[in-house]
file protein17.cif (mmCIF, C-alpha atoms)
data_coords
loop_
_atom_site.label_atom_id
_atom_site.label_comp_id
_atom_site.auth_asym_id
_atom_site.auth_seq_id
_atom_site.Cartn_x
_atom_site.Cartn_y
_atom_site.Cartn_z
CA MET A 1 -159.18 74.47 134.41
CA LYS A 2 -157.13 71.31 134.47
CA LYS A 3 -156.60 71.52 130.72
CA HIS A 4 -155.43 75.12 131.04
CA THR A 5 -153.08 74.13 133.86
CA ARG A 6 -151.59 71.31 131.77
CA ILE A 7 -150.96 73.69 128.88
CA MET A 8 -149.28 76.21 131.19
CA LEU A 9 -147.10 73.51 132.73
CA ALA A 10 -146.11 72.17 129.30
CA ALA A 11 -145.18 75.65 128.15
CA ALA A 12 -143.14 76.25 131.27
CA CYS A 13 -141.32 72.96 130.79
CA ALA A 14 -140.62 73.75 127.15
CA PHE A 15 -139.31 77.18 128.09
CA ALA A 16 -137.08 75.64 130.73
CA MET A 17 -135.73 73.08 128.29
CA VAL A 18 -134.96 75.71 125.64
CA GLY A 19 -133.26 77.84 128.26
CA GLY A 20 -131.26 74.85 129.41
CA PHE A 21 -130.13 74.06 125.89
CA ALA A 22 -129.24 77.70 125.38
CA LEU A 23 -127.21 77.79 128.56
CA PHE A 24 -125.53 74.52 127.66
CA GLY A 25 -124.77 75.77 124.20
CA CYS A 26 -123.23 78.97 125.54
CA SER A 27 -121.11 77.13 128.04
CA SER A 28 -119.95 74.45 125.58
CA GLU A 29 -119.42 76.64 122.51
CA PRO A 30 -115.70 76.62 121.66
CA LYS A 31 -113.84 79.85 121.88
CA ALA A 32 -113.16 81.63 118.64
CA GLU A 33 -109.87 80.42 117.19
CA GLU A 34 -106.94 82.75 117.37
CA PRO A 35 -105.77 83.90 113.95
CA GLN A 36 -103.34 81.33 112.55
CA ASN A 37 -100.83 84.02 111.63
CA ALA A 38 -101.31 86.38 114.55
CA GLU A 39 -97.67 87.44 114.41
CA ASN A 40 -97.92 88.15 110.70
CA GLN A 41 -101.13 90.11 111.26
CA SER A 42 -99.42 92.14 113.97
CA ASN A 43 -96.46 92.78 111.70
CA ALA A 44 -98.75 93.83 108.86
CA GLU A 45 -100.51 96.29 111.15
CA SER A 46 -97.19 97.79 112.21
CA HIS A 47 -95.95 98.32 108.64
CA GLU A 48 -97.13 100.65 105.96
CA ALA A 49 -98.51 98.82 102.92
CA VAL A 50 -96.07 98.69 100.02
CA GLU A 51 -96.43 97.47 96.44
CA LEU A 52 -93.32 96.26 94.64
CA GLN A 53 -92.90 96.27 90.88
CA ILE A 54 -90.54 93.56 89.68
CA PHE A 55 -88.94 93.41 86.23
CA ALA A 56 -87.57 89.88 85.72
CA ALA A 57 -86.15 87.80 82.91
CA ASN A 58 -88.72 85.63 81.14
CA SER A 59 -87.21 82.38 82.38
CA LEU A 60 -87.94 83.30 86.01
CA SER A 61 -91.71 83.66 85.64
CA LYS A 62 -93.02 80.39 87.10
CA ALA A 63 -90.56 80.29 89.99
CA MET A 64 -90.98 83.98 90.79
CA GLU A 65 -94.76 83.65 91.04
CA GLU A 66 -94.39 80.93 93.67
CA VAL A 67 -91.70 82.84 95.56
CA GLN A 68 -93.83 85.98 95.69
CA ALA A 69 -96.81 83.99 96.99
CA LEU A 70 -94.63 82.49 99.73
CA TYR A 71 -93.23 85.89 100.65
CA LYS A 72 -96.67 87.41 101.11
CA GLN A 73 -97.60 84.73 103.65
CA ASP A 74 -95.24 86.27 106.20
CA HIS A 75 -95.17 89.80 104.81
CA GLY A 76 -98.82 90.69 104.66
CA TRP A 77 -98.10 94.38 104.13
CA VAL A 78 -96.32 93.67 100.81
CA SER A 79 -98.07 93.19 97.50
CA PHE A 80 -96.68 92.85 94.01
CA ALA A 81 -97.77 94.79 90.98
CA ASP A 82 -98.11 92.94 87.67
CA THR A 83 -94.58 91.56 87.47
CA GLN A 84 -93.11 92.11 84.02
CA TYR A 85 -91.43 89.07 82.47
CA GLU A 86 -89.61 89.91 79.26
CA ALA A 87 -86.33 89.28 77.49
CA SER A 88 -83.62 91.04 79.50
CA GLY A 89 -82.84 93.46 76.69
CA THR A 90 -86.52 94.35 76.43
CA LEU A 91 -86.66 95.07 80.17
CA ASN A 92 -83.81 97.55 79.75
CA GLU A 93 -85.62 99.15 76.84
CA MET A 94 -88.73 99.52 78.99
CA LEU A 95 -86.75 101.20 81.77
CA GLY A 96 -85.09 103.45 79.23
CA ALA A 97 -88.53 104.46 77.93
CA GLY A 98 -89.60 105.53 81.42
CA SER A 99 -91.30 102.42 82.82
CA TYR A 100 -91.22 102.16 86.62
CA ALA A 101 -89.76 99.24 88.56
CA ASP A 102 -88.36 98.60 92.03
CA VAL A 103 -86.28 95.54 91.16
CA LEU A 104 -84.55 94.37 87.98
CA ILE A 105 -83.37 90.77 87.52
CA THR A 106 -81.77 89.98 84.17
CA ALA A 107 -80.52 86.74 82.65
CA SER A 108 -77.01 87.89 81.81
CA LYS A 109 -74.14 89.97 83.13
CA ALA A 110 -74.11 92.02 79.92
CA THR A 111 -77.71 93.18 80.24
CA MET A 112 -77.16 94.20 83.86
CA ASP A 113 -74.00 96.01 82.79
CA THR A 114 -76.18 97.98 80.38
CA ALA A 115 -78.64 98.78 83.18
CA VAL A 116 -75.81 100.01 85.41
CA ASN A 117 -74.16 102.08 82.69
CA SER A 118 -77.53 103.62 81.78
CA ASN A 119 -78.25 104.43 85.45
CA TYR A 120 -81.39 102.30 85.46
CA VAL A 121 -80.28 100.60 88.69
CA ASP A 122 -78.29 101.43 91.80
CA ALA A 123 -74.95 99.76 91.08
CA ALA A 124 -74.20 99.40 94.81
CA THR A 125 -77.14 96.99 95.21
CA ARG A 126 -76.15 94.68 92.37
CA PHE A 127 -75.38 91.02 93.08
CA ASP A 128 -75.56 87.67 91.26
CA MET A 129 -78.61 85.61 92.24
CA PHE A 130 -78.65 82.46 90.07
CA THR A 131 -76.74 80.31 87.63
CA ASN A 132 -78.14 78.16 84.84
CA GLU A 133 -76.92 75.91 82.05
CA LEU A 134 -77.50 75.84 78.31
CA VAL A 135 -78.99 72.69 76.85
CA LEU A 136 -80.09 71.27 73.51
CA VAL A 137 -83.73 70.16 73.45
CA THR A 138 -86.15 68.57 71.02
CA GLY A 139 -89.87 67.82 71.11
CA GLU A 140 -90.63 65.34 73.86
CA ASN A 141 -92.21 62.95 71.33
CA ASN A 142 -89.35 63.17 68.84
CA ALA A 143 -87.68 59.76 69.00
CA ALA A 144 -85.50 60.48 65.95
CA VAL A 145 -83.18 62.88 67.77
CA SER A 146 -81.11 61.92 70.81
CA ASP A 147 -77.62 62.26 72.30
CA ILE A 148 -76.67 65.43 70.45
CA LYS A 149 -73.35 67.19 71.01
CA LEU A 150 -72.66 70.82 70.14
CA GLU A 151 -70.22 69.83 67.41
CA ASP A 152 -72.90 67.70 65.74
CA LEU A 153 -74.58 70.92 64.61
CA SER A 154 -71.65 71.73 62.32
CA ALA A 155 -72.73 68.89 60.03
CA GLY A 156 -75.66 71.07 58.96
CA THR A 157 -78.18 68.23 59.17
CA TYR A 158 -80.40 69.74 61.86
CA THR A 159 -82.67 72.77 61.94
CA LEU A 160 -82.29 74.91 65.06
CA ALA A 161 -84.08 77.57 67.11
CA VAL A 162 -82.27 80.13 69.27
CA GLY A 163 -83.17 83.42 70.93
CA ASP A 164 -82.66 86.69 69.08
CA ALA A 165 -80.23 89.44 70.09
CA ASN A 166 -82.48 90.60 72.96
CA VAL A 167 -82.60 87.14 74.55
CA PRO A 168 -79.56 86.24 76.71
CA ALA A 169 -80.09 82.52 76.08
CA GLY A 170 -79.74 83.31 72.38
CA ASN A 171 -76.53 85.28 73.02
CA TYR A 172 -75.03 82.34 74.91
CA ALA A 173 -76.15 79.96 72.16
CA LYS A 174 -74.42 81.99 69.45
CA GLN A 175 -71.27 82.26 71.52
CA ALA A 176 -71.22 78.47 71.76
CA LEU A 177 -72.03 78.00 68.07
CA SER A 178 -69.06 80.17 67.11
CA THR A 179 -66.71 77.59 68.67
CA THR A 180 -67.62 74.62 66.46
CA GLU A 181 -65.44 73.55 63.53
CA PRO A 182 -66.45 74.86 61.10
CA PRO A 183 -68.20 77.64 63.05
CA CYS A 184 -71.99 77.64 62.97
CA TRP A 185 -72.22 81.37 63.76
CA ILE A 186 -69.84 84.17 62.90
CA SER A 187 -69.56 87.22 65.13
CA ALA A 188 -69.48 90.59 63.37
CA ASP A 189 -66.22 91.47 65.11
CA GLY A 190 -64.67 88.05 64.63
CA ALA A 191 -64.72 87.23 68.37
CA VAL A 192 -65.26 83.61 69.35
CA GLY A 193 -66.94 81.93 72.31
CA LYS A 194 -66.66 83.80 75.60
CA GLU A 195 -65.00 86.72 73.85
CA SER A 196 -68.10 87.35 71.76
CA SER A 197 -71.22 89.21 72.85
CA GLY A 198 -73.37 86.78 70.88
CA LYS A 199 -75.42 89.69 69.57
CA GLU A 200 -74.22 90.95 66.18
CA GLY A 201 -73.25 88.32 63.65
CA THR A 202 -74.57 85.95 61.04
CA PHE A 203 -75.41 82.35 60.23
CA GLU A 204 -74.77 83.00 56.55
CA GLY A 205 -71.80 81.12 55.18
CA THR A 206 -72.00 78.53 57.97
CA PRO A 207 -73.43 74.97 58.03
CA LEU A 208 -76.59 76.41 59.65
CA ALA A 209 -77.32 78.98 56.92
CA GLY A 210 -81.06 78.96 56.26
CA LYS A 211 -81.65 76.43 59.04
CA VAL A 212 -82.07 78.72 62.07
CA THR A 213 -85.25 80.26 63.49
CA GLU A 214 -84.76 83.08 66.00
CA GLY A 215 -87.35 83.67 68.73
CA SER A 216 -88.11 86.81 70.70
CA SER A 217 -88.27 84.82 73.96
CA VAL A 218 -87.13 81.46 75.29
CA GLY A 219 -90.79 80.45 75.36
CA ASN A 220 -91.00 80.92 71.61
CA VAL A 221 -87.75 79.04 71.13
CA CYS A 222 -89.08 76.08 73.14
CA SER A 223 -92.35 76.13 71.22
CA TYR A 224 -90.54 75.76 67.88
CA ALA A 225 -88.97 72.53 69.13
CA ASN A 226 -92.15 71.32 70.80
CA SER A 227 -94.19 71.80 67.63
CA GLY A 228 -91.61 70.14 65.41
CA ASP A 229 -90.92 73.31 63.42
CA VAL A 230 -87.24 72.70 64.16
CA ASP A 231 -85.25 69.63 65.12
CA LEU A 232 -83.46 71.27 68.03
CA ALA A 233 -83.51 74.36 70.23
CA MET A 234 -80.94 75.87 72.59
CA VAL A 235 -82.47 77.05 75.88
CA TYR A 236 -81.78 77.05 79.61
CA SER A 237 -82.26 73.83 81.55
CA SER A 238 -84.82 75.68 83.68
CA ASP A 239 -86.94 76.27 80.56
CA VAL A 240 -87.54 72.53 80.29
CA TYR A 241 -89.23 72.62 83.73
CA ARG A 242 -91.07 75.82 82.92
CA PHE A 243 -92.59 75.04 79.53
CA GLY A 244 -92.60 71.27 79.20
CA GLY A 245 -93.19 69.68 75.80
CA VAL A 246 -89.44 69.33 75.22
CA LYS A 247 -86.71 67.01 76.42
CA ILE A 248 -82.99 67.50 76.87
CA VAL A 249 -80.86 65.66 74.31
CA GLY A 250 -77.55 67.37 75.02
CA THR A 251 -75.74 69.86 77.26
CA VAL A 252 -73.70 72.70 75.79
CA PRO A 253 -70.17 72.79 77.28
CA ALA A 254 -69.92 75.65 79.77
CA ASP A 255 -66.51 76.69 78.46
CA THR A 256 -67.96 77.60 75.03
CA HIS A 257 -69.91 80.60 76.32
CA LYS A 258 -69.87 83.20 79.06
CA LYS A 259 -70.99 82.01 82.49
CA ILE A 260 -74.76 82.15 82.75
CA LEU A 261 -75.65 84.49 85.60
CA TYR A 262 -78.82 86.21 86.74
CA PRO A 263 -77.84 89.51 88.38
CA ALA A 264 -80.32 91.51 90.46
CA ALA A 265 -80.36 95.14 91.55
CA ILE A 266 -82.64 97.81 93.02
CA CYS A 267 -83.83 100.27 90.39
CA ALA A 268 -82.44 103.78 90.70
CA ASP A 269 -85.90 105.35 90.72
CA SER A 270 -87.43 102.91 93.22
CA LYS A 271 -89.76 104.54 95.73
CA ASN A 272 -89.41 101.51 98.01
CA PRO A 273 -85.68 100.66 98.07
CA ALA A 274 -85.70 99.27 101.60
CA ALA A 275 -88.67 96.99 100.96
CA ALA A 276 -87.21 95.94 97.61
CA GLN A 277 -83.88 95.06 99.23
CA GLU A 278 -85.64 93.12 101.99
CA PHE A 279 -87.46 91.04 99.38
CA LEU A 280 -84.29 90.29 97.42
CA ASP A 281 -82.38 89.34 100.58
CA TRP A 282 -85.20 87.02 101.65
CA ALA A 283 -85.53 85.49 98.18
CA PHE A 284 -81.81 84.68 98.20
CA THR A 285 -81.61 83.22 101.72
CA ASN A 286 -85.00 81.81 102.76
CA GLU A 287 -85.04 77.99 102.73
CA GLY A 288 -88.53 77.83 101.24
CA ALA A 289 -87.61 80.25 98.47
CA ILE A 290 -84.37 78.40 97.70
CA LYS A 291 -86.30 75.16 97.38
CA ILE A 292 -88.66 76.77 94.86
CA TRP A 293 -85.81 78.16 92.77
CA GLN A 294 -84.13 74.77 92.69
CA GLU A 295 -87.34 72.95 91.76
CA TRP A 296 -87.54 75.19 88.71
CA GLY A 297 -83.94 74.52 87.69
CA PHE A 298 -82.12 77.51 89.22
CA GLU A 299 -79.10 77.30 91.48
CA LEU A 300 -78.00 80.12 93.74
CA ALA A 301 -74.85 81.87 92.57
CA ALA A 302 -71.91 81.32 94.91
#
call {"tool": "encode", "arguments": {"input": "protein17.cif", "output": "structure tokens"}}
result
Amino acid sequence: MKKHTRIMLAAACAFAMVGGFALFGCSSEPKAEEPQNAENQSNAESHEAVELQIFAANSLSKAMEEVQALYKQDHGWVSFADTQYEASGTLNEMLGAGSYADVLITASKATMDTAVNSNYVDAATRFDMFTNELVLVTGENNAAVSDIKLEDLSAGTYTLAVGDANVPAGNYAKQALSTTEPPCWISADGAVGKESSGKEGTFEGTPLAGKVTEGSSVGNVCSYANSGDVDLAMVYSSDVYRFGGVKIVGTVPADTHKKILYPAAICADSKNPAAAQEFLDWAFTNEGAIKIWQEWGFELAA
């Protein structure tokens, strides 16, 4: 009887202790944390989900990915389709072939002019987003080439890579090359420097005849210099940040080519023009976004 009583008492004590711990745990358990972005969550719930399709010049790819990620932090209702990064001329060709986009950002005034004239974009929404500069680069481990000036190319002692006719950086490069003495590129219409489109012309009959490799993107152009296939390449300063593997050995004078601008506009067939405009406005004014653009070598257009 005593043994049975002791067992019952022990059980009762154990039950009481468990209950006590349970009560203590309930009373001391911290409250569930409030969502860190409660305001963003509320905003997301009050907006209809929208997916934006961006067509952007190749050179913007790394910076744009970071900017889009930052934008989504405070705009949870917005997502981005597979952003298309191509040469600006190729982007226009895609739009002309019926591809859908909400936003177009090109790497030259001329390619945006084409988009406007072809009714690919709403001309009223067009504005200049960024500026850039044209530089001469070589492979980062190439110690034999340094301190190159544009006019040095007219000696014909270096091999060179530039973008083809669809690549704005290549157009600017050819404009600049037409200003050397003797000229390193000859425009089909005889125009020189800023007066040239940098598209139709030839290297034949110049000091660079047989010494130029043309790439279908600035990435390809950089890779030719990085691999040592050519001595030099002409690309944007932002491409040095984006691709690596190359180093700047000279800056092309800005007065030898058209001003390098990146215009943006809402596409004429956009199903989300308001959301697209909101993104562009934010990307052009938000301090965090501006910092990202600058870290990748882009400056906001005045």
call {"tool": "closest_residue", "arguments": {"input": "protein17.cif", "among": "A:Ala63, A:Leu52, A:Thr202, A:Asp74", "to": "Pro273 in chain A", "atoms": "all atoms listed in the file"}}
result
A:Leu52
call {"tool": "resolve_selection", "arguments": {"input": "protein17.cif", "expression": "the PyMOL selection byres ((chain A and resi 189-200) around 8)", "output": "ChimeraX atom specification"}}
result
/A:164-166,170-179,186-188,201-202,255-258
call {"tool": "closest_residue", "arguments": {"input": "protein17.cif", "among": "A:Glu295, A:Glu140, A:Glu204, A:Asp102", "to": "Lys271 in chain A", "atoms": "all atoms listed in the file"}}
result
A:Asp102
call {"tool": "closest_residue", "arguments": {"input": "protein17.cif", "among": "A:Tyr158, A:Trp185, A:Tyr85, A:Tyr100", "to": "Ala57 in chain A", "atoms": "all atoms listed in the file"}}
result
A:Tyr85
call {"tool": "closest_residue", "arguments": {"input": "protein17.cif", "among": "A:Ser270, A:Thr138, A:Ser238, A:Asn92", "to": "Lys62 in chain A", "atoms": "only C-alpha atoms"}}
result
A:Ser238
call {"tool": "build_atoms", "arguments": {"input": "protein17.cif", "residues": "range 118-135 of chain A", "atoms": "N, CA, C and O atoms", "output": "short mmCIF file (atom, residue, chain, number, x, y, z; two decimals), keeping the file's coordinate frame"}}
result
data_model
loop_
_atom_site.label_atom_id
_atom_site.label_comp_id
_atom_site.auth_asym_id
_atom_site.auth_seq_id
_atom_site.Cartn_x
_atom_site.Cartn_y
_atom_site.Cartn_z
N SER A 118 -76.45 102.70 82.17
CA SER A 118 -77.53 103.62 81.78
C SER A 118 -78.21 104.24 83.00
O SER A 118 -79.18 104.98 82.84
N ASN A 119 -77.70 103.91 84.19
CA ASN A 119 -78.25 104.43 85.45
C ASN A 119 -79.70 104.01 85.69
O ASN A 119 -80.47 104.73 86.32
N TYR A 120 -80.06 102.84 85.18
CA TYR A 120 -81.39 102.30 85.46
C TYR A 120 -81.46 101.70 86.86
O TYR A 120 -82.55 101.59 87.43
N VAL A 121 -80.32 101.26 87.38
CA VAL A 121 -80.28 100.60 88.69
C VAL A 121 -79.20 101.24 89.55
O VAL A 121 -78.31 101.93 89.05
N ASP A 122 -79.31 100.99 90.84
CA ASP A 122 -78.29 101.43 91.80
C ASP A 122 -77.19 100.38 91.80
O ASP A 122 -77.37 99.26 92.28
N ALA A 123 -76.04 100.73 91.24
CA ALA A 123 -74.95 99.76 91.08
C ALA A 123 -74.51 99.15 92.40
O ALA A 123 -74.06 97.99 92.45
N ALA A 124 -74.64 99.89 93.50
CA ALA A 124 -74.20 99.40 94.81
C ALA A 124 -75.05 98.23 95.30
O ALA A 124 -74.62 97.49 96.19
N THR A 125 -76.24 98.05 94.75
CA THR A 125 -77.14 96.99 95.21
C THR A 125 -77.03 95.74 94.34
O THR A 125 -77.69 94.74 94.61
N ARG A 126 -76.23 95.78 93.32
CA ARG A 126 -76.15 94.68 92.37
C ARG A 126 -75.48 93.45 92.98
O ARG A 126 -74.47 93.56 93.68
N PHE A 127 -76.04 92.27 92.69
CA PHE A 127 -75.38 91.02 93.08
C PHE A 127 -75.90 89.91 92.17
O PHE A 127 -76.94 90.05 91.53
N ASP A 128 -75.17 88.80 92.09
CA ASP A 128 -75.56 87.67 91.26
C ASP A 128 -76.46 86.74 92.06
O ASP A 128 -76.07 86.26 93.13
N MET A 129 -77.66 86.46 91.53
CA MET A 129 -78.61 85.61 92.24
C MET A 129 -78.50 84.14 91.83
O MET A 129 -78.42 83.26 92.68
N PHE A 130 -78.54 83.86 90.53
CA PHE A 130 -78.65 82.46 90.07
C PHE A 130 -77.65 82.14 88.97
O PHE A 130 -77.10 83.02 88.31
N THR A 131 -77.45 80.84 88.79
CA THR A 131 -76.74 80.31 87.63
C THR A 131 -77.68 79.37 86.90
O THR A 131 -78.71 78.96 87.43
N ASN A 132 -77.31 79.05 85.66
CA ASN A 132 -78.14 78.16 84.84
C ASN A 132 -77.21 77.46 83.87
O ASN A 132 -76.01 77.73 83.84
N GLU A 133 -77.74 76.55 83.07
CA GLU A 133 -76.92 75.91 82.05
C GLU A 133 -77.68 75.89 80.73
O GLU A 133 -78.92 75.92 80.70
N LEU A 134 -76.92 75.85 79.65
CA LEU A 134 -77.50 75.84 78.31
C LEU A 134 -77.60 74.41 77.81
O LEU A 134 -76.64 73.64 77.92
N VAL A 135 -78.77 74.06 77.29
CA VAL A 135 -78.99 72.69 76.85
C VAL A 135 -79.60 72.67 75.45
O VAL A 135 -80.17 73.66 74.97
#
